[in-house]
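In what follows, a single structure is set out as structure tokens and then discussed.
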Amino acid sequence: TAFLDGNPPERLCAPIAERVEALGGSIRTGSPVVEIVADGDRVAGLTLRNGDTVVADEYVSAAPVDVLKRLLPRPWRRRPFFRQLDELRGVPVVNVQLWFEKRLETSLDGLVFSRSTCLSVFADMSKSCREYSDDRSMLSLVFAPVLGTDWLEASDEAIVDATMRELATLFPDEIDRDTPLRKFAVVRLPRSVYAAVPGRNRFRPSQRTPIHNFVLAGDFTYQKYLGSMEGAVL
């Protein structure tokens, strides 16, 4: 596995934005789309929350599947291609970052897929990312699946406590529930990647759509990866 050498907004998003602007394009933030304006089998424009309309030759949607379903023009929703999106839904995920007082000697340099029932993947960023390089470990973890317990409503402390219990089973010689932390951060995502439950793969749409000037992007579209940043990009 590989990591950026810093945080994604600075090391990934900013260079892309700079390249777009250098080629004469513009980046608009804080301008959410509220409607895809249809003209038969074409997109005629996008209506923004402030009332502006954006018109282009081609349109690419990188919206999560739940957002896309809300934006689709009503006539399109009856088409089999778009109706299959009803079988896909995003699931809640909690991202947890833990800064330890010590270095975890048995953690790896890379992304680890966990055998835990709560922790999906994690990485010791002090070993995997230059920006976080330190002699003390910083773990970044995906706390999922969160179905069955309303973890989105739980306190940060409760989520960290549950995370530490799971880590104690993964690092029994280095972590227990009382292992001291310098600090922690908890980020809740009410709708994240699509739920990869059995039978869902056949409902993932292609990137090409029946709409002539409308293309789909994102982790839920059909490609060889599951819902992930890698799938969304590659």
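Following the order of the structure tokens, first chain is A, next is B, and so on, with residues numbered from 1 inside each chain and ligands from 1 in the order they appear.
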Helix (DSSP H, G or I) call set, DSSP backbone run, stretch 3-231 of chain A, as a PyMOL selection string: chain A and resi 8-22+65-71+74-77+80-87+125-128+130-132+151-153+156-170+201-203+229-231
Where does stretch 59-136 of chain A meet stretch 27-49 of chain A within 10 Å, residue by residue, with the nearest atom pair and distance in Å to one decimal for each, counting only C-alpha atoms, listed by chain and rising number, as JSON lines?
```
{"residue": "A:Tyr59", "atom": "CA", "partner": "A:Val43", "partner_atom": "CA", "distance": 7.5}
{"residue": "A:Ala63", "atom": "CA", "partner": "A:Val33", "partner_atom": "CA", "distance": 10.0}
{"residue": "A:Val67", "atom": "CA", "partner": "A:Val34", "partner_atom": "CA", "distance": 9.9}
{"residue": "A:Leu68", "atom": "CA", "partner": "A:Ile36", "partner_atom": "CA", "distance": 9.6}
{"residue": "A:Arg70", "atom": "CA", "partner": "A:Glu35", "partner_atom": "CA", "distance": 8.7}
{"residue": "A:Leu71", "atom": "CA", "partner": "A:Glu35", "partner_atom": "CA", "distance": 5.6}
{"residue": "A:Leu72", "atom": "CA", "partner": "A:Ile36", "partner_atom": "CA", "distance": 6.4}
{"residue": "A:Pro73", "atom": "CA", "partner": "A:Ile36", "partner_atom": "CA", "distance": 6.2}
{"residue": "A:Arg74", "atom": "CA", "partner": "A:Ala38", "partner_atom": "CA", "distance": 9.3}
{"residue": "A:Pro75", "atom": "CA", "partner": "A:Ala38", "partner_atom": "CA", "distance": 8.7}
{"residue": "A:Trp76", "atom": "CA", "partner": "A:Ala38", "partner_atom": "CA", "distance": 8.7}
```
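The space separating atom CA of A:Ser61 from atom CA of A:Ala217 comes to 5.8 Å.
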Residues near A:Pro80, anyone? I mean within 12 Å using only C-alpha atoms, not counting same-chain ones fewer than 4 positions away, as a compact mmCIF listing (two decimals) with N, CA, C and O atoms, in the first residue's frame.
```txt
# COMPACT_ATOMS: atom_id res chain seq x y z
N PRO A 75 -37.96 11.87 -14.40
CA PRO A 75 -38.14 10.95 -15.53
C PRO A 75 -37.03 9.92 -15.66
O PRO A 75 -37.26 8.81 -16.16
N TRP A 76 -35.80 10.28 -15.25
CA TRP A 76 -34.70 9.33 -15.36
C TRP A 76 -34.82 8.19 -14.36
O TRP A 76 -34.33 7.09 -14.61
N GLN A 84 -31.70 0.74 -10.69
CA GLN A 84 -30.87 -0.20 -9.93
C GLN A 84 -30.14 0.48 -8.77
O GLN A 84 -29.72 -0.19 -7.82
N LEU A 85 -30.00 1.79 -8.83
CA LEU A 85 -29.35 2.50 -7.74
C LEU A 85 -30.14 2.39 -6.44
O LEU A 85 -29.58 2.57 -5.35
N ASP A 86 -31.44 2.08 -6.54
CA ASP A 86 -32.25 1.92 -5.33
C ASP A 86 -31.76 0.76 -4.48
O ASP A 86 -32.07 0.68 -3.29
N GLU A 87 -31.00 -0.16 -5.09
CA GLU A 87 -30.49 -1.33 -4.36
C GLU A 87 -29.17 -1.02 -3.64
O GLU A 87 -28.66 -1.88 -2.92
N PHE A 203 -25.71 -4.64 -8.96
CA PHE A 203 -26.47 -3.40 -9.13
C PHE A 203 -25.58 -2.17 -9.33
O PHE A 203 -26.09 -1.07 -9.50
N PRO A 205 -23.67 0.44 -11.24
CA PRO A 205 -23.79 0.86 -12.64
C PRO A 205 -22.43 1.09 -13.28
O PRO A 205 -21.42 1.27 -12.61
N THR A 209 -23.49 6.24 -18.95
CA THR A 209 -24.92 6.21 -18.67
C THR A 209 -25.71 6.36 -19.97
O THR A 209 -25.15 6.71 -21.02
N PRO A 210 -27.02 6.12 -19.93
CA PRO A 210 -27.84 6.33 -21.13
C PRO A 210 -28.01 7.80 -21.49
O PRO A 210 -28.54 8.12 -22.56
```
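Between A:Ser140 and the candidates A:Val112, A:Leu216, A:Ile16, A:Val197, the tightest atom-to-atom separation, counting only C-alpha atoms, involves A:Val112.
Note that atom CA of A:Val94 and atom CA of A:Ala144 are 6.7 Å apart.
Candidate residues A:Ala154, A:Leu167, A:Val186, A:Val65 were compared for distance to A:Phe82, and the nearest is A:Val65, using only C-alpha atoms.
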